[in-house]
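Participant: Handing you this structure, nothing more for now.
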Amino acid sequence: MESTDASFFSSPGSIVVALVTFVFLIHRAWPYLVQQKQSIELDQSIAPTDKYSDLTVSKEPEIPEGWWTDRDIFELERRALFSQKWIYLAHITQFSKPGAYQSFDIAGYPVFLIRGKDEKIRAFHNVCRHRAYTITRKETGASTVLGCRYHGWSYDTTGRLVKAPQFDEVPGFDKSQNSLFEVHTHTTDQGLVFVNLNAGNPVAFDSSTASTLKDFARTGALSGRSAWVTGQTLSGNFNWKMSIKACRLESFTKHLERGMSEISGGSAIMKVVKNMTRKGSQKVTSVFPTTLLYSFSSMDFGLALSFFPASEMKTHIRYDLFSRSVVGQTEVQKLSDVLQKATEDLARETEKEYSTVSKEQGSVASQSRSLRQSSLICLFSSFPFEFNNPCAREILSRLQQHTKLERSQGGQILPAMRKPEGSNLFQQAEKLCKELDCVSNGSHNGTSSSALDW
Ligand code: FES
């Protein structure tokens with residue numbers, strides 16, 4: 001064998017053939033070698049660094065791919081975040097008399113706040129205990145008896161079922177077991193009303209939020225003397241997490257400035273808005289996860305700007321203006337006009353930005369796995385607010401923790417889920433009636449199936 005190999009390489013023709021073969025093989029293998037090199041570089045670039053140490057960006061991507069657009073991510077946010085965190089909803093002075101209520105949609109959970117005859121503010125799931133019809137159909141209103149329009153069940157301001165026509169004689173039916181599902185509430189010293197959808201035992205109010213609000217109150221914009229002046233809810237077609245972008249305040253201020261230039265007359269109001277928009281006059285505080293609080297130096301005004309997700313691609317934006325002093329009706333109207341315009345402009349601007357971001361992520365999703373990783377990193381470098389921003393890091397961390405918990409328990413954990421109590425006999429009969437009702441009538445208007453998907 002040795003003599004055969006030696007004689008093969010001693011021939012010039014054979015050497016030429018060997019060289020040509022070698023060049024050909026290198027040529028064929030070159031793209032593969034380049035890809036390997038890039039892959040190694042990519043692995044090095046995504047290895048945990050100080051900056052991203054707790055994000056664990058690895059080959060097993062823990063950064064959710066559908067961060068901006070995915071329905072599953074939104075569902076996970078509902079379970080991991082919105083079912084467990086204290087969420088700011090309103091100011092206590094918005095409920096001026098017993099029966100005054102306001103309806104909200106928090107990530108698909110319909111909820112309303114109502115002032116009781118005992119002056120207490122309570123929150124309930126806005127879902128009738130009979131067949132899940134919506135109880136308060138208006139955004140705001142006042143009534144000490146809340147009647148469901150579908151079959152006439154009525155509840156008082158404590159959520160107790162007081163009337164259930166034709167059910168009094170039904171075997172196994174117990175009114176006391178069919179009160180509205182109450183939601184935990186907390187009213188801060190500054191008069192801000194928060195809710196917590198967790199169906200378990202009362203959860204302590206966040207100490208970090210309490211101290212943030214205390215600090216914020218020192219700016220003078222929001223104190224125990226402040227009262228709600230005006231507010232409104234608008235909608236935009238974007239993912240709610242777009243709201244945590246650091247430049248959101250700048251954008252909003254810019255839109256306020258523009259609004260100011262469009263209002264006519266009213267020197268007092270001009271002064272107010274001018275002060276709001278003066279460079280460096282605003283201080284902003286984040287009340288995780290939905291709300292930004294603004295204070296305007298040397299002014300009596302404070303502003304809350306909240307972003308409540310409605311779906312993975314739709315967000316309700318709500319602004320609430322507070323003041324320590326009395327504001328005249330004309331001024332209130334003008335301020336409302338300016339704030340409405342600024343919020344609308346903010347929504348349209350965010351929609352445009354979202355369209356770009358979601359397209360990028362859409363194209364990322366359609367690529368191969370290795371390229372997808374690379375593009376995600378580019379995406380996060382292009383939008384560094386994402387994971388340099390403490391709110392974004394907190395969201396991601398909560399999603400990761402909840403996912404781990406669900407994996408360990410082998411199924412979804414739904415902290416906001418309520419289980420009806422009472423007679424099995426009645427519940428079985430109701431289930432059958434419900435099914436028959438659906439077959440004969442189809443779905444009835446106003447009842448969202450998702451309302452029951454706790
Ligand atoms: S009374 Fe409310 S759904 Fe029937």
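Please note that chains go A, B, ... in the order of the structure tokens, that every chain numbers its residues from 1, and that ligands are numbered from 1 in the order shown.
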Distance limit 7 Å, reference ligand 1, atoms considered: only C-alpha atoms and all ligand atoms. Which residues make the cut? Give them as a list in words.
Facilitator: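 If we count only C-alpha atoms and all ligand atoms, the neighbours of ligand 1 turn out to be Cys128, Arg129, His130, Arg131, Ala132, Tyr133, Cys148, Arg149, Tyr150, His151, Gly152 and Trp153 of chain A.
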Participant: Please save C-alpha atoms of the selected residues as a short mmCIF file (atom, residue, chain, number, x, y, z; two decimals), in the first residue's frame.
Facilitator:
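Writing done, so here's result.cif:
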data_model
loop_
_atom_site.label_atom_id
_atom_site.label_comp_id
_atom_site.auth_asym_id
_atom_site.auth_seq_id
_atom_site.Cartn_x
_atom_site.Cartn_y
_atom_site.Cartn_z
CA CYS A 128 -73.76 38.75 35.27
CA ARG A 129 -73.74 35.60 37.39
CA HIS A 130 -76.65 34.21 35.40
CA ARG A 131 -75.29 33.94 31.88
CA ALA A 132 -72.39 36.36 31.77
CA TYR A 133 -74.17 39.32 30.20
CA CYS A 148 -78.91 42.91 33.96
CA ARG A 149 -80.92 43.50 30.81
CA TYR A 150 -80.96 39.92 29.67
CA HIS A 151 -83.19 38.22 32.24
CA GLY A 152 -83.56 40.94 34.83
CA TRP A 153 -81.23 39.80 37.60
#
Participant: Write out as a list in words each polymer residue whose atoms come within 7 Å of segment 409-415 of chain A, counting only C-alpha atoms; drop sequence neighbours fewer than 5 positions from it.
Facilitator: Arg79, Ser83, Gln84, Asn198, Ala199 and Trp454 of chain A
Participant: Calculated over only C-alpha atoms, which of the candidates A:Phe288, A:Phe95, A:Tyr294, A:Phe104 has the smallest distance to Lys120 of chain A?
Facilitator: A:Phe95
Participant: Could you please determine the separation between atom CA of Ala123 of chain A and atom CA of Gly147 of chain A in Å, to one decimal place?
Facilitator: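 We find that atom CA of Ala123 of chain A and atom CA of Gly147 of chain A lie 16.2 Å from each other.
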Participant: At a cut-off of 10 Å, using only C-alpha atoms, what residues contact Phe238 of chain A? Leave out same-chain residues fewer than 4 positions from it and give the result as a CSV table (one decimal) with N, CA and C atoms, in the first residue's frame.
Facilitator:
chain,number,residue,atom,x,y,z
A,68,TRP,N,-44.6,41.6,20.3
A,68,TRP,CA,-45.5,42.6,20.0
A,68,TRP,C,-46.8,42.2,19.4
A,69,THR,N,-46.9,40.9,18.9
A,69,THR,CA,-48.0,40.6,18.1
A,69,THR,C,-48.7,39.3,18.5
A,242,MET,N,-45.9,49.1,23.8
A,242,MET,CA,-45.3,50.3,23.1
A,242,MET,C,-45.3,51.5,24.1
A,243,SER,N,-46.2,51.4,25.1
A,243,SER,CA,-46.3,52.6,26.0
A,243,SER,C,-45.1,52.7,26.9
A,309,PRO,N,-54.4,47.1,27.9
A,309,PRO,CA,-54.5,46.3,26.7
A,309,PRO,C,-55.9,45.8,26.5
A,310,ALA,N,-56.4,45.8,25.3
A,310,ALA,CA,-57.6,45.2,24.9
A,310,ALA,C,-57.4,43.8,24.2
A,311,SER,N,-56.3,43.8,23.5
A,311,SER,CA,-55.9,42.5,22.8
A,311,SER,C,-54.4,42.7,22.6
A,312,GLU,N,-53.8,41.7,21.8
A,312,GLU,CA,-52.4,41.9,21.5
A,312,GLU,C,-52.1,43.0,20.6
A,313,MET,N,-53.1,43.5,19.9
A,313,MET,CA,-52.9,44.6,18.9
A,313,MET,C,-53.8,45.8,19.1
A,314,LYS,N,-54.4,45.8,20.3
A,314,LYS,CA,-55.3,47.0,20.5
A,314,LYS,C,-55.1,47.4,22.0
A,315,THR,N,-55.1,48.8,22.2
A,315,THR,CA,-54.8,49.3,23.5
A,315,THR,C,-55.8,50.5,23.8
A,316,HIS,N,-56.4,50.5,25.0
A,316,HIS,CA,-57.2,51.7,25.4
A,316,HIS,C,-56.2,52.6,26.1
A,347,ALA,N,-51.8,58.3,20.0
A,347,ALA,CA,-52.2,57.0,19.5
A,347,ALA,C,-51.9,56.8,18.1
A,348,ARG,N,-52.1,57.8,17.2
A,348,ARG,CA,-51.8,57.6,15.8
A,348,ARG,C,-50.3,57.4,15.6
A,350,THR,N,-48.1,56.3,17.7
A,350,THR,CA,-47.7,54.9,18.2
A,350,THR,C,-48.2,53.8,17.3
A,351,GLU,N,-49.3,54.0,16.6
A,351,GLU,CA,-49.8,53.0,15.7
A,351,GLU,C,-48.8,52.9,14.5
A,352,LYS,N,-48.3,54.0,14.0
A,352,LYS,CA,-47.3,54.0,12.9
A,352,LYS,C,-46.1,53.3,13.3
A,353,GLU,N,-45.6,53.6,14.5
A,353,GLU,CA,-44.4,53.0,15.0
A,353,GLU,C,-44.6,51.5,15.2
A,354,TYR,N,-45.8,51.1,15.7
A,354,TYR,CA,-46.1,49.7,15.9
A,354,TYR,C,-46.2,48.9,14.6
A,355,SER,N,-46.7,49.6,13.6
A,355,SER,CA,-46.8,49.0,12.3
A,355,SER,C,-45.4,48.5,11.8
A,357,VAL,N,-42.6,48.1,13.8
A,357,VAL,CA,-42.1,47.1,14.7
A,357,VAL,C,-42.7,45.7,14.4
A,358,SER,N,-44.1,45.7,14.3
A,358,SER,CA,-44.7,44.4,14.1
A,358,SER,C,-44.4,43.8,12.8
Participant: Can you list every residue in segment 129-361 of chain A that DSSP puts in alpha helix (DSSP H), as number ranges by chain?
Facilitator: A: 207-218, 248-262, 267-277, 329-361
Participant: Kindly indicate which residue among A:Val145, A:Ile114, A:Ile73, A:Ile106 lies nearest to Gln94 of chain A, using only C-alpha atoms for the distances.
Facilitator: A:Ile114
Participant: I'd like the contact shell of Leu292 of chain A - 10 Å cut-off, only C-alpha atoms, skipping same-chain residues fewer than 5 positions apart - returned as an mmCIF file with C-alpha atoms, in the first residue's frame.
Facilitator:
data_model
loop_
_atom_site.group_PDB
_atom_site.id
_atom_site.type_symbol
_atom_site.label_atom_id
_atom_site.label_comp_id
_atom_site.auth_asym_id
_atom_site.auth_seq_id
_atom_site.Cartn_x
_atom_site.Cartn_y
_atom_site.Cartn_z
ATOM 1 C CA SER A 243 -46.327 52.558 25.969
ATOM 2 C CA ILE A 244 -43.187 51.814 27.934
ATOM 3 C CA ARG A 248 -43.442 58.498 25.222
ATOM 4 C CA LEU A 249 -43.414 61.521 27.575
ATOM 5 C CA VAL A 284 -42.852 61.535 35.179
ATOM 6 C CA THR A 285 -43.264 58.480 37.368
ATOM 7 C CA SER A 286 -44.095 55.020 36.160
ATOM 8 C CA VAL A 287 -46.760 53.071 38.020
ATOM 9 C CA LEU A 303 -51.924 63.804 34.961
ATOM 10 C CA ALA A 304 -52.254 60.024 34.712
ATOM 11 C CA LEU A 305 -51.805 58.403 31.319
ATOM 12 C CA SER A 306 -52.761 54.718 31.307
ATOM 13 C CA PHE A 307 -52.459 52.041 28.642
ATOM 14 C CA TYR A 319 -55.919 60.171 30.532
#
